[in-house]
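Source file: target00.cif; contents: mmCIF, C-alpha atoms.
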data_input
#
loop_
_atom_site.group_PDB
_atom_site.id
_atom_site.type_symbol
_atom_site.label_atom_id
_atom_site.label_comp_id
_atom_site.auth_asym_id
_atom_site.auth_seq_id
_atom_site.Cartn_x
_atom_site.Cartn_y
_atom_site.Cartn_z
ATOM 1 C CA MET A 170 69.362 -15.560 37.443
ATOM 2 C CA SER A 171 69.639 -11.839 38.071
ATOM 3 C CA GLU A 172 67.758 -10.566 41.130
ATOM 4 C CA LEU A 173 64.338 -9.110 40.403
ATOM 5 C CA ARG A 174 64.081 -5.751 42.139
ATOM 6 C CA PHE A 175 61.550 -2.965 42.627
ATOM 7 C CA ASP A 176 63.845 0.039 42.876
ATOM 8 C CA GLY A 177 61.868 3.193 42.099
ATOM 9 C CA ARG A 178 58.509 1.383 42.402
ATOM 10 C CA VAL A 179 55.740 2.197 44.875
ATOM 11 C CA ALA A 180 53.580 -0.597 46.255
ATOM 12 C CA VAL A 181 50.347 -0.549 48.233
ATOM 13 C CA VAL A 182 49.545 -3.679 50.242
ATOM 14 C CA THR A 183 46.223 -3.898 52.085
ATOM 15 C CA GLY A 184 45.884 -6.037 55.180
ATOM 16 C CA ALA A 185 49.656 -5.875 55.601
ATOM 17 C CA GLY A 186 49.826 -5.672 59.365
ATOM 18 C CA ARG A 187 49.998 -9.425 59.858
ATOM 19 C CA GLY A 188 50.242 -12.767 58.092
ATOM 20 C CA LEU A 189 50.415 -12.878 54.330
ATOM 21 C CA GLY A 190 50.185 -9.136 53.766
ATOM 22 C CA ARG A 191 53.100 -8.469 56.083
ATOM 23 C CA GLU A 192 55.250 -10.988 54.193
ATOM 24 C CA TYR A 193 54.329 -9.353 50.892
ATOM 25 C CA ALA A 194 55.294 -5.939 52.264
ATOM 26 C CA PHE A 195 58.570 -7.299 53.652
ATOM 27 C CA LEU A 196 59.569 -8.853 50.329
ATOM 28 C CA LEU A 197 58.643 -5.844 48.198
ATOM 29 C CA ALA A 198 60.500 -3.483 50.540
ATOM 30 C CA ALA A 199 63.543 -5.770 50.729
ATOM 31 C CA ARG A 200 63.741 -5.658 46.930
ATOM 32 C CA GLY A 201 63.673 -1.854 46.822
ATOM 33 C CA ALA A 202 59.995 -0.855 46.679
ATOM 34 C CA ARG A 203 58.605 1.948 48.791
ATOM 35 C CA VAL A 204 55.581 0.434 50.496
ATOM 36 C CA LEU A 205 52.343 1.784 51.899
ATOM 37 C CA VAL A 206 51.294 -0.674 54.605
ATOM 38 C CA ASN A 207 47.516 -0.570 55.017
ATOM 39 C CA ASP A 208 45.796 -2.332 57.890
ATOM 40 C CA LEU A 209 42.741 -1.466 59.954
ATOM 41 C CA GLY A 210 44.121 -3.525 62.830
ATOM 42 C CA GLY A 211 40.950 -5.525 63.546
ATOM 43 C CA SER A 212 40.463 -9.147 64.538
ATOM 44 C CA VAL A 213 40.264 -12.012 62.057
ATOM 45 C CA THR A 214 36.468 -11.623 62.090
ATOM 46 C CA GLY A 215 36.699 -7.880 61.459
ATOM 47 C CA CYS A 216 36.046 -6.658 64.998
ATOM 48 C CA GLY A 217 37.899 -3.690 66.420
ATOM 49 C CA ALA A 218 40.536 -1.443 64.887
ATOM 50 C CA GLY A 219 43.905 0.085 65.678
ATOM 51 C CA ASP A 220 47.065 1.379 64.053
ATOM 52 C CA ASP A 221 49.491 -0.908 65.879
ATOM 53 C CA ALA A 222 49.610 -3.703 63.276
ATOM 54 C CA ALA A 223 50.426 -1.448 60.303
ATOM 55 C CA GLU A 224 52.894 0.616 62.298
ATOM 56 C CA GLN A 225 54.689 -2.482 63.568
ATOM 57 C CA THR A 226 55.163 -3.753 60.008
ATOM 58 C CA VAL A 227 56.501 -0.340 58.991
ATOM 59 C CA ARG A 228 58.919 -0.292 61.923
ATOM 60 C CA GLU A 229 60.270 -3.690 60.927
ATOM 61 C CA ILE A 230 60.683 -2.624 57.287
ATOM 62 C CA ILE A 231 62.565 0.511 58.302
ATOM 63 C CA ALA A 232 64.740 -1.470 60.715
ATOM 64 C CA ARG A 233 65.725 -3.682 57.787
ATOM 65 C CA GLY A 234 66.717 -0.668 55.704
ATOM 66 C CA GLY A 235 63.507 -0.297 53.707
ATOM 67 C CA GLU A 236 61.092 2.580 53.238
ATOM 68 C CA ALA A 237 57.436 2.383 54.234
ATOM 69 C CA VAL A 238 54.516 4.324 55.703
ATOM 70 C CA ALA A 239 51.485 3.085 57.626
ATOM 71 C CA ASP A 240 47.849 3.684 56.729
ATOM 72 C CA GLY A 241 44.706 2.893 58.689
ATOM 73 C CA HIS A 242 41.903 3.588 56.204
ATOM 74 C CA SER A 243 39.216 0.953 55.749
ATOM 75 C CA VAL A 244 39.052 -0.682 52.318
ATOM 76 C CA ALA A 245 35.306 -1.203 52.710
ATOM 77 C CA THR A 246 34.150 2.216 51.464
ATOM 78 C CA PRO A 247 34.886 4.314 48.380
ATOM 79 C CA GLU A 248 36.219 7.051 50.653
ATOM 80 C CA GLY A 249 38.540 4.606 52.392
ATOM 81 C CA GLY A 250 39.833 3.208 49.136
ATOM 82 C CA GLN A 251 40.529 6.687 47.824
ATOM 83 C CA GLY A 252 42.181 7.577 51.123
ATOM 84 C CA ILE A 253 44.583 4.634 50.845
ATOM 85 C CA ILE A 254 45.733 5.603 47.369
ATOM 86 C CA ASP A 255 45.881 9.308 48.276
ATOM 87 C CA ALA A 256 48.127 8.417 51.221
ATOM 88 C CA ALA A 257 50.492 6.579 48.862
ATOM 89 C CA LEU A 258 50.487 9.508 46.448
ATOM 90 C CA ASP A 259 51.160 11.980 49.261
ATOM 91 C CA ALA A 260 54.033 9.883 50.605
ATOM 92 C CA PHE A 261 55.637 8.628 47.406
ATOM 93 C CA GLY A 262 54.106 10.457 44.431
ATOM 94 C CA THR A 263 52.714 7.484 42.510
ATOM 95 C CA VAL A 264 51.410 3.907 42.696
ATOM 96 C CA ASP A 265 52.910 1.115 40.597
ATOM 97 C CA ILE A 266 51.800 -2.010 42.468
ATOM 98 C CA LEU A 267 48.609 -2.851 44.352
ATOM 99 C CA VAL A 268 48.169 -6.050 46.339
ATOM 100 C CA ASN A 269 44.575 -6.495 47.502
ATOM 101 C CA ASN A 270 45.084 -8.736 50.507
ATOM 102 C CA ALA A 271 42.779 -7.357 53.232
ATOM 103 C CA GLY A 272 40.190 -9.836 54.418
ATOM 104 C CA THR A 273 38.149 -11.294 57.251
ATOM 105 C CA VAL A 274 36.356 -14.582 57.852
ATOM 106 C CA ASP A 275 33.123 -15.561 59.630
ATOM 107 C CA ASP A 276 32.195 -19.184 58.906
ATOM 108 C CA ALA A 277 28.742 -20.660 59.406
ATOM 109 C CA ALA A 278 26.472 -23.278 57.879
ATOM 110 C CA PHE A 279 24.413 -21.823 55.032
ATOM 111 C CA GLU A 280 21.163 -22.005 57.000
ATOM 112 C CA ASP A 281 22.817 -19.748 59.583
ATOM 113 C CA MET A 282 24.401 -17.400 57.050
ATOM 114 C CA THR A 283 22.615 -14.148 57.799
ATOM 115 C CA GLN A 284 23.041 -10.823 56.034
ATOM 116 C CA ASP A 285 25.047 -9.661 59.051
ATOM 117 C CA ARG A 286 27.603 -12.360 58.219
ATOM 118 C CA LEU A 287 27.469 -11.847 54.441
ATOM 119 C CA ASP A 288 27.747 -8.081 54.049
ATOM 120 C CA PRO A 289 30.992 -7.503 55.996
ATOM 121 C CA LEU A 290 32.855 -10.100 53.918
ATOM 122 C CA LEU A 291 31.552 -8.693 50.650
ATOM 123 C CA ASP A 292 32.554 -5.229 51.882
ATOM 124 C CA VAL A 293 36.132 -6.163 52.746
ATOM 125 C CA HIS A 294 37.049 -8.761 50.131
ATOM 126 C CA LEU A 295 35.103 -7.833 46.992
ATOM 127 C CA ARG A 296 34.013 -4.239 47.385
ATOM 128 C CA GLY A 297 37.266 -3.492 49.201
ATOM 129 C CA ALA A 298 39.371 -4.610 46.245
ATOM 130 C CA PHE A 299 37.093 -2.654 43.911
ATOM 131 C CA PHE A 300 37.245 0.536 45.993
ATOM 132 C CA VAL A 301 41.036 0.500 46.347
ATOM 133 C CA THR A 302 41.790 -0.587 42.790
ATOM 134 C CA ARG A 303 39.645 2.069 41.135
ATOM 135 C CA PRO A 304 41.731 5.114 42.202
ATOM 136 C CA ALA A 305 44.940 3.116 41.743
ATOM 137 C CA TRP A 306 43.765 2.147 38.250
ATOM 138 C CA LYS A 307 43.481 5.792 37.255
ATOM 139 C CA VAL A 308 47.108 6.353 38.248
ATOM 140 C CA MET A 309 48.265 3.243 36.410
ATOM 141 C CA ARG A 310 46.333 4.097 33.252
ATOM 142 C CA SER A 311 47.775 7.614 33.252
ATOM 143 C CA LYS A 312 51.277 6.178 32.868
ATOM 144 C CA SER A 313 50.375 2.928 31.055
ATOM 145 C CA PHE A 314 52.004 0.777 33.732
ATOM 146 C CA GLY A 315 50.833 -1.102 36.785
ATOM 147 C CA ARG A 316 50.559 -4.442 38.534
ATOM 148 C CA VAL A 317 47.510 -5.566 40.514
ATOM 149 C CA VAL A 318 47.400 -8.798 42.508
ATOM 150 C CA ASN A 319 44.051 -9.873 43.931
ATOM 151 C CA THR A 320 43.433 -12.598 46.503
ATOM 152 C CA CYS A 321 40.918 -15.335 45.768
ATOM 153 C CA SER A 322 40.537 -18.733 47.429
ATOM 154 C CA ALA A 323 40.013 -22.417 46.756
ATOM 155 C CA ALA A 324 37.055 -22.087 49.129
ATOM 156 C CA GLY A 325 35.214 -20.343 46.318
ATOM 157 C CA ILE A 326 36.838 -21.924 43.270
ATOM 158 C CA LEU A 327 36.317 -25.481 44.488
ATOM 159 C CA GLY A 328 33.776 -25.004 47.266
ATOM 160 C CA ALA A 329 34.118 -25.450 51.020
ATOM 161 C CA ALA A 330 31.429 -26.116 53.596
ATOM 162 C CA ARG A 331 30.425 -23.260 55.925
ATOM 163 C CA MET A 332 32.078 -20.618 53.734
ATOM 164 C CA SER A 333 29.274 -19.372 51.477
ATOM 165 C CA ASN A 334 30.001 -15.729 52.369
ATOM 166 C CA TYR A 335 33.777 -16.022 52.054
ATOM 167 C CA GLY A 336 33.688 -18.191 48.935
ATOM 168 C CA SER A 337 31.209 -15.890 47.189
ATOM 169 C CA ALA A 338 33.274 -12.789 47.924
ATOM 170 C CA LYS A 339 36.547 -14.405 46.900
ATOM 171 C CA THR A 340 35.198 -15.820 43.645
ATOM 172 C CA GLY A 341 33.797 -12.408 42.749
ATOM 173 C CA LEU A 342 37.422 -11.276 42.716
ATOM 174 C CA ILE A 343 38.137 -13.742 39.908
ATOM 175 C CA GLY A 344 35.606 -11.876 37.768
ATOM 176 C CA LEU A 345 37.161 -8.544 38.676
ATOM 177 C CA THR A 346 40.632 -9.880 37.871
ATOM 178 C CA ARG A 347 39.597 -11.176 34.454
ATOM 179 C CA VAL A 348 37.672 -8.034 33.510
ATOM 180 C CA LEU A 349 40.489 -5.678 34.495
ATOM 181 C CA ALA A 350 43.008 -7.823 32.616
ATOM 182 C CA ALA A 351 40.814 -7.401 29.527
ATOM 183 C CA GLU A 352 40.307 -3.669 30.094
ATOM 184 C CA ALA A 353 44.046 -2.994 30.390
ATOM 185 C CA GLY A 354 44.266 -3.285 26.621
ATOM 186 C CA ASP A 355 47.665 -2.339 25.231
ATOM 187 C CA ASP A 356 48.831 -0.707 28.453
ATOM 188 C CA ASP A 357 51.515 -2.549 30.437
ATOM 189 C CA ILE A 358 49.084 -3.221 33.263
ATOM 190 C CA LYS A 359 48.872 -6.827 34.463
ATOM 191 C CA VAL A 360 46.145 -8.069 36.789
ATOM 192 C CA ASN A 361 46.368 -11.541 38.336
ATOM 193 C CA ALA A 362 45.090 -13.405 41.380
ATOM 194 C CA VAL A 363 46.547 -15.757 43.955
ATOM 195 C CA ALA A 364 44.761 -18.387 46.029
ATOM 196 C CA PRO A 365 47.123 -18.732 49.019
ATOM 197 C CA ILE A 366 47.422 -21.703 51.351
ATOM 198 C CA ALA A 367 49.212 -20.514 54.480
ATOM 199 C CA ALA A 368 49.190 -20.826 58.249
ATOM 200 C CA THR A 369 47.441 -17.570 59.055
ATOM 201 C CA ARG A 370 44.839 -16.413 61.573
ATOM 202 C CA MET A 371 42.142 -17.098 58.969
ATOM 203 C CA LEU A 372 43.148 -20.714 58.416
ATOM 204 C CA ASP A 373 43.434 -21.309 62.144
ATOM 205 C CA TYR A 374 40.000 -19.783 62.736
ATOM 206 C CA SER A 375 38.371 -21.892 60.020
ATOM 207 C CA MET A 376 40.013 -25.100 61.222
ATOM 208 C CA ARG A 377 38.871 -24.445 64.799
ATOM 209 C CA SER A 378 35.386 -23.659 63.509
ATOM 210 C CA VAL A 379 35.194 -27.040 61.765
ATOM 211 C CA ALA A 380 36.762 -28.895 64.709
ATOM 212 C CA GLU A 381 34.056 -27.569 67.018
ATOM 213 C CA LEU A 382 31.499 -29.533 64.979
ATOM 214 C CA ALA A 383 33.262 -32.827 65.687
ATOM 215 C CA ASP A 384 33.617 -34.686 68.964
ATOM 216 C CA ASP A 385 36.716 -34.023 71.034
ATOM 217 C CA ALA A 386 38.441 -37.273 70.072
ATOM 218 C CA ALA A 387 37.908 -36.726 66.357
ATOM 219 C CA ALA A 388 39.105 -33.128 66.596
ATOM 220 C CA ALA A 389 42.253 -34.168 68.476
ATOM 221 C CA ALA A 390 43.001 -36.912 65.948
ATOM 222 C CA ALA A 391 42.543 -34.505 63.043
ATOM 223 C CA ASP A 392 44.811 -31.955 64.700
ATOM 224 C CA GLU A 393 47.532 -34.558 65.259
ATOM 225 C CA VAL A 394 47.467 -35.524 61.585
ATOM 226 C CA MET A 395 47.234 -32.010 60.146
ATOM 227 C CA ARG A 396 49.452 -29.991 62.508
ATOM 228 C CA PRO A 397 52.796 -31.082 60.912
ATOM 229 C CA PHE A 398 51.349 -30.130 57.527
ATOM 230 C CA PHE A 399 50.250 -26.696 58.762
ATOM 231 C CA GLU A 400 53.708 -26.056 60.153
ATOM 232 C CA ARG A 401 55.039 -26.151 56.582
ATOM 233 C CA LEU A 402 52.572 -23.504 55.404
ATOM 234 C CA ASP A 403 54.833 -20.525 56.047
ATOM 235 C CA PRO A 404 53.195 -17.322 54.693
ATOM 236 C CA ALA A 405 56.659 -16.208 53.527
ATOM 237 C CA LEU A 406 56.542 -18.983 50.905
ATOM 238 C CA VAL A 407 53.526 -17.342 49.241
ATOM 239 C CA ALA A 408 55.263 -13.965 48.917
ATOM 240 C CA PRO A 409 57.586 -14.880 45.987
ATOM 241 C CA VAL A 410 54.594 -15.522 43.721
ATOM 242 C CA VAL A 411 52.972 -12.223 44.672
ATOM 243 C CA GLY A 412 56.353 -10.567 44.202
ATOM 244 C CA TYR A 413 56.804 -11.967 40.713
ATOM 245 C CA LEU A 414 53.258 -11.042 39.650
ATOM 246 C CA SER A 415 54.027 -7.516 40.913
ATOM 247 C CA HIS A 416 57.235 -7.188 38.905
ATOM 248 C CA ALA A 417 57.720 -5.454 35.557
ATOM 249 C CA ASP A 418 59.040 -8.743 34.137
ATOM 250 C CA CYS A 419 55.634 -10.373 34.637
ATOM 251 C CA THR A 420 53.931 -10.723 31.251
ATOM 252 C CA VAL A 421 50.848 -12.787 32.186
ATOM 253 C CA SER A 422 47.486 -11.246 33.003
ATOM 254 C CA GLY A 423 44.126 -12.636 34.066
ATOM 255 C CA ASP A 424 45.721 -15.727 35.640
ATOM 256 C CA ILE A 425 44.943 -17.447 38.943
ATOM 257 C CA TYR A 426 47.738 -19.132 40.879
ATOM 258 C CA THR A 427 47.393 -21.413 43.885
ATOM 259 C CA VAL A 428 50.456 -21.342 46.128
ATOM 260 C CA GLY A 429 51.428 -22.850 49.447
ATOM 261 C CA ALA A 430 54.497 -24.301 51.186
ATOM 262 C CA GLY A 431 56.647 -23.415 48.165
ATOM 263 C CA GLN A 432 54.438 -25.186 45.591
ATOM 264 C CA VAL A 433 52.882 -23.112 42.794
ATOM 265 C CA ALA A 434 50.243 -24.148 40.257
ATOM 266 C CA ARG A 435 47.777 -22.463 37.962
ATOM 267 C CA PHE A 436 44.015 -22.718 38.198
ATOM 268 C CA PHE A 437 42.348 -22.219 34.833
ATOM 269 C CA ILE A 438 38.842 -21.987 33.416
ATOM 270 C CA GLY A 439 38.298 -24.784 30.892
ATOM 271 C CA ARG A 440 35.523 -25.687 28.484
ATOM 272 C CA THR A 441 34.675 -29.232 27.496
ATOM 273 C CA LYS A 442 34.005 -30.116 23.874
ATOM 274 C CA GLY A 443 30.420 -30.778 24.861
ATOM 275 C CA TYR A 444 27.407 -32.097 22.958
ATOM 276 C CA TYR A 445 25.393 -30.330 20.241
ATOM 277 C CA ASN A 446 21.858 -31.024 19.055
ATOM 278 C CA PRO A 447 19.804 -28.245 17.416
ATOM 279 C CA ALA A 448 16.673 -29.970 18.749
ATOM 280 C CA LEU A 449 18.042 -30.272 22.268
ATOM 281 C CA SER A 450 15.672 -31.697 24.869
ATOM 282 C CA MET A 451 15.891 -32.359 28.599
ATOM 283 C CA GLU A 452 16.202 -36.047 27.817
ATOM 284 C CA ASP A 453 19.156 -35.363 25.508
ATOM 285 C CA VAL A 454 20.935 -33.538 28.322
ATOM 286 C CA GLY A 455 20.467 -36.474 30.676
ATOM 287 C CA ALA A 456 21.437 -39.083 28.078
ATOM 288 C CA HIS A 457 24.614 -37.216 27.092
ATOM 289 C CA LEU A 458 25.637 -35.797 30.465
ATOM 290 C CA GLY A 459 28.813 -37.885 30.525
ATOM 291 C CA GLU A 460 29.836 -36.516 27.138
ATOM 292 C CA ILE A 461 28.977 -32.960 28.186
ATOM 293 C CA ARG A 462 31.146 -33.303 31.299
ATOM 294 C CA ASP A 463 34.040 -35.172 29.645
ATOM 295 C CA THR A 464 37.211 -33.090 30.053
ATOM 296 C CA GLY A 465 39.092 -34.910 27.294
ATOM 297 C CA GLY A 466 39.948 -32.454 24.528
ATOM 298 C CA HIS A 467 38.937 -29.453 26.621
ATOM 299 C CA THR A 468 39.951 -25.927 25.660
ATOM 300 C CA VAL A 469 40.906 -22.920 27.801
ATOM 301 C CA PRO A 470 39.063 -19.847 26.474
ATOM 302 C CA THR A 471 40.877 -16.577 27.021
ATOM 303 C CA GLY A 472 37.651 -14.573 26.915
ATOM 304 C CA PRO A 473 34.058 -14.376 25.670
ATOM 305 C CA ALA A 474 35.230 -14.213 22.055
ATOM 306 C CA ASP A 475 36.839 -17.662 22.376
ATOM 307 C CA GLU A 476 33.654 -19.014 23.950
ATOM 308 C CA MET A 477 31.566 -17.627 21.096
ATOM 309 C CA MET A 478 33.982 -19.087 18.552
ATOM 310 C CA ALA A 479 33.674 -22.523 20.161
ATOM 311 C CA LEU A 480 29.904 -22.294 19.871
ATOM 312 C CA LEU A 481 30.087 -21.216 16.228
ATOM 313 C CA GLU A 482 32.423 -24.118 15.461
ATOM 314 C CA ALA A 483 29.970 -26.546 17.056
ATOM 315 C CA LEU A 484 27.120 -25.117 14.983
ATOM 316 C CA ALA A 485 29.173 -25.314 11.801
ATOM 317 C CA GLY A 486 30.135 -28.910 12.524
ATOM 318 C CA GLY A 487 26.555 -30.051 12.888
ATOM 319 C CA PRO A 488 24.932 -32.219 15.549
ATOM 320 C CA THR A 489 27.116 -34.506 17.639
ATOM 321 C CA ALA A 490 26.910 -38.082 16.374
ATOM 322 C CA ASP A 491 25.250 -40.575 18.720
#
Written form, structure tokens:
Amino acid sequence: MSELRFDGRVAVVTGAGRGLGREYAFLLAARGARVLVNDLGGSVTGCGAGDDAAEQTVREIIARGGEAVADGHSVATPEGGQGIIDAALDAFGTVDILVNNAGTVDDAAFEDMTQDRLDPLLDVHLRGAFFVTRPAWKVMRSKSFGRVVNTCSAAGILGAARMSNYGSAKTGLIGLTRVLAAEAGDDDIKVNAVAPIAATRMLDYSMRSVAELADDAAAAAADEVMRPFFERLDPALVAPVVGYLSHADCTVSGDIYTVGAGQVARFFIGRTKGYYNPALSMEDVGAHLGEIRDTGGHTVPTGPADEMMALLEALAGGPTAD
């Protein structure tokens, strides 16, 4: 296979001072991209700020022969999002690739999930991706080319206790990904999402948060079992998927990929065949719930038109036989 490179491309990676974002920036730069490294420099819970993290990533990229600049704007406001893209335009003249990776975490049981815990995560994860993508989108549409990679999570797709704020914000990004993929139309703009599994500050924080709920013996036993597994979750093994989705050779759009420890799979939104009765009652729903939920013969709609077609086909076929 010939090496996939990014010579002449400009990439913006948010949250690139540490962890996953840093690995994405390293890979893109190593393959020839000029990279804007954005990071506010705060803690995993969003406290504090500083330029050191972004600047350190830039120093390492330059030391390896790459080209990069640091940026410390916050993704959480429209002004910050515009500032990030303006910084890339000032430094490199365009934007070809955007990786929305910035994020924080603040776990709590739902009964303790206050607005003070909800709003910051919505601001960084969901609104942040929206605010940065919008000015980048204008650049991409002007030249009919671009690649956007958003970051979602199994915590939202599948559900995870104590993560109602995080899961809600991350799953909102699936909607944004799918809508932008549809809006790209005939332009060569691809928008996809990754759900990473990696040993990062976020994972460590969440695991410690859960362990604190258990007794010391149970927490120690869980750590002994899981620690060897976590050691295989190198963030660098997520970067190749983000790199491919950022490349001009990528032809898919609107997809969601889960990736960790070198294993890659696709999450998809499926629709069961279901049950149809034009005189549907509550009792019918209960009596046929197994049939409604049966995944045998499911379809994977590509958009609302496919969903509407499935409904029309059910109506044309008549009631489901008992």
Inset, instruction - Expand the PyMOL selection byres ((chain A and resi 456-472) around 9) into the individual residues it matches in the shown file, reporting them as a ChimeraX atom specification. - result: /A:347,351,423,437-444,451-455,473-477,479
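Nearest to Asn334 of chain A of all the residues A:Thr427, A:Ser171, A:Gln251, A:Gln284 is A:Gln284, counting only C-alpha atoms.
Atom CA of Glu224 of chain A to atom CA of Gly188 of chain A spans 14.3 Å [interatomic distance, one decimal].
With distances taken over all atoms listed in the file, A:Ser311 is the one residue among A:Ser415, A:Ser333, A:Ser311, A:Asn361 lying closest to Thr263 of chain A.
The gap separating atom CA of Leu189 of chain A from atom CA of Val264 of chain A is 20.4 Å, in Å to one decimal.
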Legend entry - Of the listed residues A:Ile358, A:Ala298, A:Ala180, A:Ile254, that which approaches Gly272 of chain A most closely, counting only C-alpha atoms: A:Ala298
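Among the candidate residues A:Leu197, A:Ala350, A:Met170, A:Val318, the one lying nearest to Ala405 of chain A is A:Leu197, with distances computed using all atoms listed in the file.
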Evaluate the PyMOL selection byres ((chain A and resi 257) around 9) and record the selected residues as a PDB file with C-alpha atoms, keeping the file's coordinate frame, following the chain and residue labels used in the document.
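Final output, expr.pdb:
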ATOM      1  CA  VAL A 179      55.740   2.197  44.875  1.00  0.00           C
ATOM      2  CA  ALA A 180      53.580  -0.597  46.255  1.00  0.00           C
ATOM      3  CA  VAL A 181      50.347  -0.549  48.233  1.00  0.00           C
ATOM      4  CA  VAL A 204      55.581   0.434  50.496  1.00  0.00           C
ATOM      5  CA  LEU A 205      52.343   1.784  51.899  1.00  0.00           C
ATOM      6  CA  VAL A 238      54.516   4.324  55.703  1.00  0.00           C
ATOM      7  CA  ASP A 240      47.849   3.684  56.729  1.00  0.00           C
ATOM      8  CA  GLY A 252      42.181   7.577  51.123  1.00  0.00           C
ATOM      9  CA  ILE A 253      44.583   4.634  50.845  1.00  0.00           C
ATOM     10  CA  ILE A 254      45.733   5.603  47.369  1.00  0.00           C
ATOM     11  CA  ASP A 255      45.881   9.308  48.276  1.00  0.00           C
ATOM     12  CA  ALA A 256      48.127   8.417  51.221  1.00  0.00           C
ATOM     13  CA  LEU A 258      50.487   9.508  46.448  1.00  0.00           C
ATOM     14  CA  ASP A 259      51.160  11.980  49.261  1.00  0.00           C
ATOM     15  CA  ALA A 260      54.033   9.883  50.605  1.00  0.00           C
ATOM     16  CA  PHE A 261      55.637   8.628  47.406  1.00  0.00           C
ATOM     17  CA  GLY A 262      54.106  10.457  44.431  1.00  0.00           C
ATOM     18  CA  THR A 263      52.714   7.484  42.510  1.00  0.00           C
ATOM     19  CA  VAL A 264      51.410   3.907  42.696  1.00  0.00           C
TER      20      VAL A 264
END
Legend entry - Nearest candidate to Gly186 of chain A (options A:Arg174, A:Arg228, A:Lys312, A:Arg200; using all atoms listed in the file): A:Arg228
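Atom CA of Val206 of chain A is found 20.0 Å from atom CA of Cys321 of chain A.
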Legend entry - Selection result of the PyMOL selection byres ((chain A and resi 295) around 10) on this file, as a count of residues only: 28
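Distances from A:Val407, A:Leu209, A:Ala194, A:Ala237 to Ala434 of chain A were compared using all atoms listed in the file, and the smallest one belongs to A:Val407.
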Inset, instruction - For Ser243 of chain A, work out the shell of residues within 8 Å, counting only C-alpha atoms and skipping chain neighbours fewer than 4 positions away, then give it as number ranges by chain. - result: A: 208-209, 249-250
